[in-house]
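Undergrad: Supplied structure: start_11.txt, compact mmCIF, C-alpha atoms.
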```txt
# COMPACT_ATOMS: atom_id res chain seq x y z
CA MET Y 1 -17.47 -21.81 -8.43
CA THR Y 2 -20.38 -20.58 -10.49
CA LYS Y 3 -20.23 -17.15 -8.88
CA ARG Y 4 -16.46 -16.89 -9.49
CA LEU Y 5 -16.90 -17.91 -13.14
CA SER Y 6 -19.66 -15.37 -13.60
CA LEU Y 7 -17.44 -12.62 -12.23
CA LYS Y 8 -14.60 -13.64 -14.56
CA LEU Y 9 -16.92 -13.65 -17.55
CA LEU Y 10 -18.30 -10.25 -16.57
CA ALA Y 11 -14.79 -8.83 -16.20
CA SER Y 12 -13.78 -10.26 -19.58
CA ALA Y 13 -16.86 -8.83 -21.25
CA SER Y 14 -16.19 -5.41 -19.74
CA ALA Y 15 -12.59 -5.48 -20.93
CA LEU Y 16 -13.68 -6.46 -24.42
CA ALA Y 17 -16.24 -3.66 -24.47
CA ILE Y 18 -13.68 -1.09 -23.35
CA THR Y 19 -11.21 -2.33 -25.99
CA ALA Y 20 -13.87 -2.22 -28.69
CA MET Y 21 -14.83 1.31 -27.72
CA GLY Y 22 -11.19 2.35 -27.83
CA LEU Y 23 -10.71 0.82 -31.25
CA LEU Y 24 -13.89 2.46 -32.52
CA GLY Y 25 -12.79 5.81 -31.17
CA SER Y 26 -9.35 5.59 -32.77
CA ALA Y 27 -10.90 4.45 -36.05
CA THR Y 28 -13.20 7.46 -36.04
CA VAL Y 29 -10.33 9.84 -35.38
CA HIS Y 30 -8.25 8.17 -38.04
CA ALA Y 31 -11.07 8.30 -40.58
CA GLN Y 32 -11.70 12.03 -40.24
CA GLN Y 33 -9.19 14.11 -42.20
CA LYS Y 34 -8.68 17.75 -41.24
CA LEU Y 35 -7.81 19.82 -44.31
CA LYS Y 36 -6.68 23.41 -44.95
CA TRP Y 37 -8.19 25.44 -47.79
CA ALA Y 38 -6.46 28.81 -48.32
CA HIS Y 39 -7.07 31.92 -50.42
CA VAL Y 40 -6.20 35.64 -50.36
CA TYR Y 41 -9.71 37.13 -50.65
CA GLU Y 42 -11.74 38.92 -47.99
CA THR Y 43 -14.48 37.18 -46.02
CA SER Y 44 -17.03 39.51 -47.65
CA GLU Y 45 -16.22 38.25 -51.16
CA PRO Y 46 -18.10 35.45 -52.97
CA TYR Y 47 -14.95 33.30 -53.24
CA HIS Y 48 -14.87 32.94 -49.46
CA LYS Y 49 -18.62 32.62 -48.97
CA TRP Y 50 -18.90 29.74 -51.41
CA SER Y 51 -15.65 28.08 -50.29
CA VAL Y 52 -17.11 27.83 -46.80
CA TRP Y 53 -20.29 26.39 -48.30
CA ALA Y 54 -18.25 23.85 -50.30
CA ALA Y 55 -16.24 22.83 -47.24
CA GLU Y 56 -19.42 22.15 -45.30
CA GLU Y 57 -20.97 20.34 -48.26
CA ILE Y 58 -17.96 18.05 -48.72
CA LYS Y 59 -18.04 17.22 -45.01
CA LYS Y 60 -21.77 16.45 -45.18
CA ARG Y 61 -21.57 14.36 -48.36
CA SER Y 62 -18.55 12.42 -47.07
CA ASN Y 63 -20.33 11.63 -43.77
CA GLY Y 64 -17.83 13.72 -41.87
CA LYS Y 65 -14.67 12.16 -43.32
CA PHE Y 66 -13.28 15.48 -44.60
CA ASP Y 67 -13.27 18.35 -42.12
CA ILE Y 68 -12.14 21.38 -44.13
CA GLN Y 69 -11.25 24.75 -42.61
CA VAL Y 70 -11.14 27.71 -44.99
CA PHE Y 71 -8.41 30.30 -44.34
CA PRO Y 72 -9.24 33.63 -46.03
CA ALA Y 73 -7.43 36.95 -46.55
CA SER Y 74 -3.86 35.62 -46.83
CA THR Y 75 -4.09 34.04 -43.35
CA LEU Y 76 -1.73 31.27 -44.52
CA GLY Y 77 0.38 33.53 -46.71
CA LYS Y 78 0.33 35.56 -49.89
CA GLU Y 79 -0.75 34.01 -53.18
CA THR Y 80 2.79 32.90 -54.01
CA ASP Y 81 3.06 31.25 -50.59
CA ILE Y 82 -0.14 29.25 -50.80
CA ASN Y 83 0.70 28.08 -54.32
CA GLN Y 84 4.01 26.80 -53.02
CA GLY Y 85 2.16 25.29 -50.07
CA LEU Y 86 0.41 22.82 -52.37
CA THR Y 87 3.72 21.15 -53.21
CA LEU Y 88 5.24 21.63 -49.74
CA GLY Y 89 2.22 20.02 -48.11
CA THR Y 90 1.37 22.99 -45.88
CA VAL Y 91 -2.05 23.48 -47.48
CA ASP Y 92 -4.44 21.00 -49.05
CA MET Y 93 -6.56 23.22 -51.29
CA ILE Y 94 -6.36 26.78 -52.63
CA ILE Y 95 -8.17 29.28 -54.81
CA SER Y 96 -5.76 31.18 -57.05
CA GLY Y 97 -5.33 32.83 -60.41
CA THR Y 98 -3.78 30.62 -63.08
CA SER Y 99 -0.94 33.11 -63.56
CA PHE Y 100 0.78 31.42 -60.61
CA ALA Y 101 0.27 27.93 -62.03
CA ALA Y 102 1.58 29.26 -65.34
CA ARG Y 103 4.98 29.87 -63.73
CA THR Y 104 5.36 26.11 -63.61
CA TYR Y 105 3.23 25.28 -66.65
CA PRO Y 106 3.32 28.32 -69.00
CA ARG Y 107 0.61 27.05 -71.36
CA LEU Y 108 -2.06 27.96 -68.77
CA GLY Y 109 -1.01 31.61 -69.03
CA ILE Y 110 -2.76 32.05 -72.37
CA ALA Y 111 -5.92 32.82 -70.38
CA TYR Y 112 -4.36 36.23 -69.65
CA TYR Y 113 -3.67 37.11 -73.27
CA PRO Y 114 -5.61 40.34 -73.92
CA PHE Y 115 -9.06 39.99 -75.49
CA ILE Y 116 -8.81 36.21 -75.74
CA PHE Y 117 -12.21 35.97 -74.00
CA ARG Y 118 -15.28 37.80 -75.23
CA ASP Y 119 -16.83 37.90 -71.76
CA GLY Y 120 -17.34 35.88 -68.60
CA ASP Y 121 -19.55 33.32 -70.33
CA HIS Y 122 -16.78 32.67 -72.85
CA LEU Y 123 -14.27 32.11 -70.04
CA ILE Y 124 -16.59 29.58 -68.40
CA ALA Y 125 -17.10 27.84 -71.76
CA TYR Y 126 -13.31 27.61 -72.06
CA SER Y 127 -13.13 26.07 -68.58
CA LYS Y 128 -15.38 23.26 -69.82
CA SER Y 129 -13.58 22.77 -73.14
CA ALA Y 130 -11.34 19.96 -74.34
CA VAL Y 131 -8.36 22.30 -74.69
CA PHE Y 132 -8.60 23.36 -71.04
CA GLN Y 133 -9.01 19.76 -69.89
CA ASP Y 134 -5.87 18.91 -71.84
CA MET Y 135 -4.02 21.66 -69.97
CA VAL Y 136 -5.40 20.44 -66.63
CA ASN Y 137 -4.14 16.93 -67.34
CA GLU Y 138 -0.70 18.12 -68.42
CA PHE Y 139 -0.44 20.43 -65.41
CA ARG Y 140 -1.32 17.53 -63.08
CA ALA Y 141 1.18 15.25 -64.83
CA LYS Y 142 3.91 17.84 -64.28
CA THR Y 143 3.06 18.98 -60.75
CA GLY Y 144 0.62 16.47 -59.26
CA ILE Y 145 -1.80 19.36 -58.59
CA GLN Y 146 -5.42 18.87 -59.67
CA ILE Y 147 -7.45 21.84 -60.89
CA THR Y 148 -11.05 21.06 -59.99
CA ALA Y 149 -12.98 24.24 -60.83
CA TYR Y 150 -12.79 27.62 -62.58
CA THR Y 151 -14.50 30.74 -61.21
CA TYR Y 152 -15.15 33.99 -63.07
CA TYR Y 153 -13.25 36.78 -61.31
CA GLY Y 154 -14.31 39.69 -63.46
CA ALA Y 155 -13.50 41.63 -66.63
CA ARG Y 156 -10.71 44.14 -66.15
CA HIS Y 157 -11.81 47.63 -67.12
CA THR Y 158 -9.97 50.96 -67.09
CA SER Y 159 -10.54 54.01 -64.92
CA ALA Y 160 -8.89 57.32 -65.83
CA GLN Y 161 -9.08 61.10 -65.53
CA LYS Y 162 -9.96 61.46 -69.21
CA THR Y 163 -12.15 59.33 -71.45
CA PHE Y 164 -11.07 57.39 -74.53
CA THR Y 165 -12.92 55.16 -76.96
CA ASN Y 166 -10.24 53.26 -78.88
CA CYS Y 167 -6.62 52.13 -78.90
CA GLU Y 168 -5.40 55.41 -80.42
CA GLY Y 169 -6.95 57.31 -77.53
CA VAL Y 170 -4.62 55.81 -74.90
CA LYS Y 171 -1.39 56.96 -76.57
CA GLY Y 172 0.88 58.35 -73.84
CA LEU Y 173 -1.57 57.45 -71.05
CA LYS Y 174 0.30 56.75 -67.81
CA ILE Y 175 -1.53 53.73 -66.45
CA ARG Y 176 -0.78 51.56 -63.46
CA VAL Y 177 -0.61 47.83 -64.27
CA PRO Y 178 0.69 44.70 -62.51
CA ASP Y 179 4.27 43.97 -63.53
CA VAL Y 180 3.36 40.97 -65.69
CA PRO Y 181 3.86 40.80 -69.50
CA ALA Y 182 0.25 39.80 -70.25
CA TYR Y 183 -1.06 42.76 -68.24
CA THR Y 184 1.27 45.29 -69.89
CA ALA Y 185 0.71 43.95 -73.43
CA THR Y 186 -2.43 45.96 -74.29
CA TRP Y 187 -0.94 49.24 -73.18
CA GLN Y 188 2.43 48.72 -74.81
CA ALA Y 189 0.74 47.70 -78.05
CA CYS Y 190 -1.32 50.92 -78.05
CA ASN Y 191 1.65 53.16 -77.12
CA ALA Y 192 0.44 54.00 -73.64
CA ASN Y 193 2.86 54.25 -70.74
CA PRO Y 194 2.21 51.22 -68.47
CA THR Y 195 3.67 51.83 -65.02
CA PRO Y 196 4.02 49.03 -62.46
CA ILE Y 197 3.06 50.17 -58.95
CA ALA Y 198 2.38 48.02 -55.89
CA PHE Y 199 -1.34 47.35 -55.53
CA ALA Y 200 -1.46 48.83 -52.03
CA GLU Y 201 -0.13 52.14 -53.40
CA VAL Y 202 -2.52 52.55 -56.35
CA TYR Y 203 -5.09 54.79 -54.64
CA LEU Y 204 -2.42 57.28 -53.54
CA ALA Y 205 -0.73 57.17 -56.96
CA LEU Y 206 -4.04 58.08 -58.62
CA GLN Y 207 -4.78 60.73 -56.04
CA ASN Y 208 -1.45 62.55 -56.40
CA GLY Y 209 -1.21 62.14 -60.18
CA THR Y 210 1.75 59.73 -60.26
CA VAL Y 211 -0.41 57.85 -62.79
CA ASP Y 212 -3.54 58.96 -64.64
CA ALA Y 213 -5.28 55.60 -64.87
CA GLN Y 214 -5.48 52.02 -63.62
CA GLU Y 215 -7.23 48.80 -64.68
CA ASN Y 216 -9.14 46.28 -62.57
CA PRO Y 217 -12.54 44.56 -62.39
CA LEU Y 218 -15.45 46.82 -61.44
CA THR Y 219 -15.77 44.98 -58.13
CA THR Y 220 -12.16 45.88 -57.28
CA ILE Y 221 -12.66 49.50 -58.36
CA GLU Y 222 -15.54 49.58 -55.89
CA ALA Y 223 -13.77 47.75 -53.06
CA LYS Y 224 -10.61 49.87 -53.28
CA LYS Y 225 -12.60 53.11 -53.84
CA PHE Y 226 -10.61 54.04 -56.95
CA TYR Y 227 -13.77 55.76 -58.20
CA GLU Y 228 -13.12 58.50 -55.61
CA VAL Y 229 -9.96 59.63 -57.45
CA GLN Y 230 -11.00 58.96 -61.07
CA LYS Y 231 -13.49 60.68 -63.37
CA ALA Y 232 -14.34 57.95 -65.89
CA ILE Y 233 -14.51 54.20 -66.38
CA MET Y 234 -13.93 52.75 -69.84
CA LEU Y 235 -15.39 49.27 -70.36
CA THR Y 236 -12.29 47.88 -72.07
CA GLY Y 237 -12.70 44.32 -70.78
CA HIS Y 238 -9.18 43.72 -72.08
CA ILE Y 239 -8.58 40.77 -69.78
CA VAL Y 240 -11.36 38.53 -68.50
CA ASP Y 241 -9.97 37.10 -65.28
CA GLY Y 242 -10.65 33.78 -63.59
CA LEU Y 243 -9.63 31.83 -60.51
CA THR Y 244 -8.99 28.11 -60.18
CA THR Y 245 -9.67 25.77 -57.29
CA GLN Y 246 -6.69 23.45 -56.86
CA VAL Y 247 -6.10 20.32 -54.78
CA ALA Y 248 -2.63 19.35 -53.55
CA PRO Y 249 -0.98 16.12 -54.75
CA HIS Y 250 -0.73 14.67 -51.24
CA LEU Y 251 -4.52 14.90 -50.92
CA TRP Y 252 -5.61 14.10 -54.49
CA ASN Y 253 -3.46 10.97 -54.72
CA ARG Y 254 -5.04 9.38 -51.67
CA LEU Y 255 -8.65 10.06 -52.66
CA SER Y 256 -10.76 7.23 -54.07
CA GLU Y 257 -12.46 7.75 -57.43
CA ALA Y 258 -15.75 8.42 -55.65
CA GLU Y 259 -14.07 11.00 -53.39
CA ARG Y 260 -12.41 12.70 -56.34
CA LYS Y 261 -15.80 13.01 -58.00
CA LEU Y 262 -17.17 14.50 -54.77
CA PHE Y 263 -14.46 17.18 -54.67
CA LEU Y 264 -14.94 17.93 -58.36
CA ASP Y 265 -18.72 18.18 -58.12
CA VAL Y 266 -18.85 20.36 -55.03
CA THR Y 267 -16.06 22.79 -55.97
CA ARG Y 268 -17.65 23.24 -59.41
CA GLU Y 269 -21.01 23.96 -57.81
CA ALA Y 270 -19.31 26.54 -55.58
CA ALA Y 271 -17.55 28.09 -58.59
CA ASP Y 272 -20.86 28.38 -60.44
CA LYS Y 273 -22.50 30.11 -57.46
CA SER Y 274 -19.56 32.49 -57.02
CA THR Y 275 -19.52 33.28 -60.74
CA ALA Y 276 -23.23 34.17 -60.63
CA ASP Y 277 -22.64 36.52 -57.69
CA ILE Y 278 -19.77 38.30 -59.45
CA LYS Y 279 -21.70 38.75 -62.72
CA LYS Y 280 -24.70 40.13 -60.82
CA ARG Y 281 -22.56 42.65 -58.94
CA GLU Y 282 -20.74 43.76 -62.10
CA ALA Y 283 -24.07 44.55 -63.77
CA GLU Y 284 -25.22 46.57 -60.76
CA LEU Y 285 -21.99 48.56 -60.54
CA VAL Y 286 -22.28 50.19 -63.97
CA ALA Y 287 -25.42 52.00 -62.82
CA GLU Y 288 -23.99 52.73 -59.37
CA PHE Y 289 -20.84 54.34 -60.78
CA LYS Y 290 -22.98 56.53 -63.03
CA LYS Y 291 -24.96 57.64 -59.96
CA LYS Y 292 -21.67 58.61 -58.31
CA GLY Y 293 -21.04 60.99 -61.20
CA LEU Y 294 -18.51 58.96 -63.17
CA GLN Y 295 -18.69 58.69 -66.93
CA VAL Y 296 -19.00 55.04 -68.03
CA VAL Y 297 -17.85 54.65 -71.63
CA GLU Y 298 -18.19 51.81 -74.13
CA VAL Y 299 -15.05 51.44 -76.27
CA ASP Y 300 -14.12 49.94 -79.64
CA ARG Y 301 -12.65 46.73 -78.25
CA LYS Y 302 -11.74 45.48 -81.73
CA SER Y 303 -9.34 48.39 -82.22
CA PHE Y 304 -7.49 47.21 -79.12
CA GLN Y 305 -7.58 43.53 -80.02
CA ASP Y 306 -6.33 44.06 -83.58
CA THR Y 307 -3.46 46.22 -82.35
CA VAL Y 308 -2.48 43.70 -79.67
CA LEU Y 309 -2.47 40.84 -82.18
CA LYS Y 310 -0.26 42.93 -84.47
CA ASN Y 311 2.16 44.46 -81.97
CA LYS Y 312 2.14 41.80 -79.23
CA PRO Y 313 1.54 38.54 -81.11
CA LEU Y 314 0.80 35.33 -79.23
CA GLU Y 315 4.18 33.87 -80.01
CA SER Y 316 6.00 36.84 -78.44
CA LEU Y 317 4.47 35.86 -75.09
CA GLY Y 318 5.13 32.16 -75.57
CA PHE Y 319 1.64 31.05 -76.62
CA THR Y 320 0.42 29.16 -79.70
CA ARG Y 321 -2.11 29.98 -82.39
CA ALA Y 322 -3.52 26.45 -82.05
CA ASP Y 323 -4.56 27.04 -78.43
CA PHE Y 324 -5.83 30.53 -79.26
CA ASP Y 325 -8.06 29.21 -82.06
CA LYS Y 326 -9.47 26.42 -79.86
CA ILE Y 327 -10.28 28.91 -77.12
CA GLN Y 328 -11.96 31.26 -79.58
CA ALA Y 329 -14.16 28.36 -80.72
CA ALA Y 330 -15.27 27.47 -77.18
CA LYS Y 331 -19.02 27.95 -76.69
```
Before we go any further, please render this structure as structure tokens.
TA:
Amino acid sequence: MTKRLSLKLLASASALAITAMGLLGSATVHAQQKLKWAHVYETSEPYHKWSVWAAEEIKKRSNGKFDIQVFPASTLGKETDINQGLTLGTVDMIISGTSFAARTYPRLGIAYYPFIFRDGDHLIAYSKSAVFQDMVNEFRAKTGIQITAYTYYGARHTSAQKTFTNCEGVKGLKIRVPDVPAYTATWQACNANPTPIAFAEVYLALQNGTVDAQENPLTTIEAKKFYEVQKAIMLTGHIVDGLTTQVAPHLWNRLSEAERKLFLDVTREAADKSTADIKKREAELVAEFKKKGLQVVEVDRKSFQDTVLKNKPLESLGFTRADFDKIQAAK
């Protein structure tokens, strides 16, 4: 009797242990959330490097709860696709320019108004300002998407076959620009001839003389080798570009307050590190382009800004003087 009872107890204990292990295993699987973080930049660029760092850091600080895989170089689609993916639920996080968010919430587009930012430091100050936080809150209220961080992408400068130093000097210049009102504004205001051409075709268009000039950050001019088919770079800095890190509604809404703070803290740290890398490379490139034989020219930026304000006023692009003034005051 005693032996039989002992065997029954042993069998019961084993069954309980197996059940407990099964429950523990399923709880662990359930607790870990696999997330997709998408962007369109190359693996060699700081945006990817520091996104991977952030993904690992979030996993570490959450004790493995969030397992984030970063998908670079348009792996999950072009920029339009991944922006749509936030609302469709096909991606959980993205890095993207605010011009895409501005299609849904136009107020964010003011960041692309020419000469609104003095430099990269001014853009970062804006990203920490009350006016930007107000936009973030309104954007989330409208879309459910949470912007967690802002990264400096670079100041857009102009390469051309001939030099110029002010707004008057670009009259008639045939320059390739993205087909977006904020990008064409400077050139239209100064009576140049802005010409939309697909980005993949810019090098050939410069090479065969379809256009005489183009505008992009120095890092892009380097990466796409535009310096090979241009003679000069003018430091116009007409648009200071930035990228935002965004979290999808289906993820943000289920995070606890502590988890939200974790995502905010880590993505902002990553943005700061990426911004530092971009600023360092920009500074190095001025000297490197000069070594390659290009002329690098400082311009009268105020001549451009005054002309833009006169010929392409804020209101004509749907923006307000109140937001402009608050951004100018950001320090």
Undergrad: Around all of range 264-267 of chain Y's listed atoms, make the axis-aligned box with 4 Å on each side and tell me centre and edge lengths in Å to one decimal, as AutoDock Vina command-line options.
TA:
```
--center_x -16.9 --center_y 20.4 --center_z -56.7 --size_x 11.9 --size_y 12.9 --size_z 11.3
```
Undergrad: With all atoms listed in the file as the basis for distance, which of Y:Ile278, Y:Lys231, Y:Asn83, Y:Thr98 is at the shortest distance from Phe164 in chain Y?
TA: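 Looking at the shortest contact to Phe164 in chain Y, the residue is Y:Lys231.
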Undergrad: For a test of reading the model, state the distance in Å between CA of Tyr47 in chain Y and CA of Arg281 in chain Y, rounded to one decimal.
TA: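 Rounded to one decimal, the two atoms are 13.3 Å apart.
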Undergrad: At what distance in Å, to one decimal, does CA of Asp119 in chain Y lie from CA of Lys326 in chain Y?
TA: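 Computing it gives 15.9 Å between the two atoms.
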Undergrad: Choose the residue, out of Y:Val70, Y:Leu294, Y:Ile239, Y:Ala287, that has the smallest atom-to-atom separation from Phe226 in chain Y; count all atoms listed in the file.
TA: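 Result for the nearest residue to Phe226 in chain Y: Y:Leu294.
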Undergrad: Within 9 Å of range 28-44 of chain Y, which residues of range 91-176 of chain Y come that close, and what is the closest atom pair and distance in Å for each? Count only C-alpha atoms and give it as JSON lines.
TA:
```
{"residue": "Y:Val91", "atom": "CA", "partner": "Y:Lys36", "partner_atom": "CA", "distance": 5.3}
{"residue": "Y:Asp92", "atom": "CA", "partner": "Y:Lys36", "partner_atom": "CA", "distance": 5.3}
{"residue": "Y:Met93", "atom": "CA", "partner": "Y:Trp37", "partner_atom": "CA", "distance": 4.5}
{"residue": "Y:Ile94", "atom": "CA", "partner": "Y:Ala38", "partner_atom": "CA", "distance": 4.8}
{"residue": "Y:Ile95", "atom": "CA", "partner": "Y:His39", "partner_atom": "CA", "distance": 5.2}
{"residue": "Y:Ser96", "atom": "CA", "partner": "Y:His39", "partner_atom": "CA", "distance": 6.8}
```
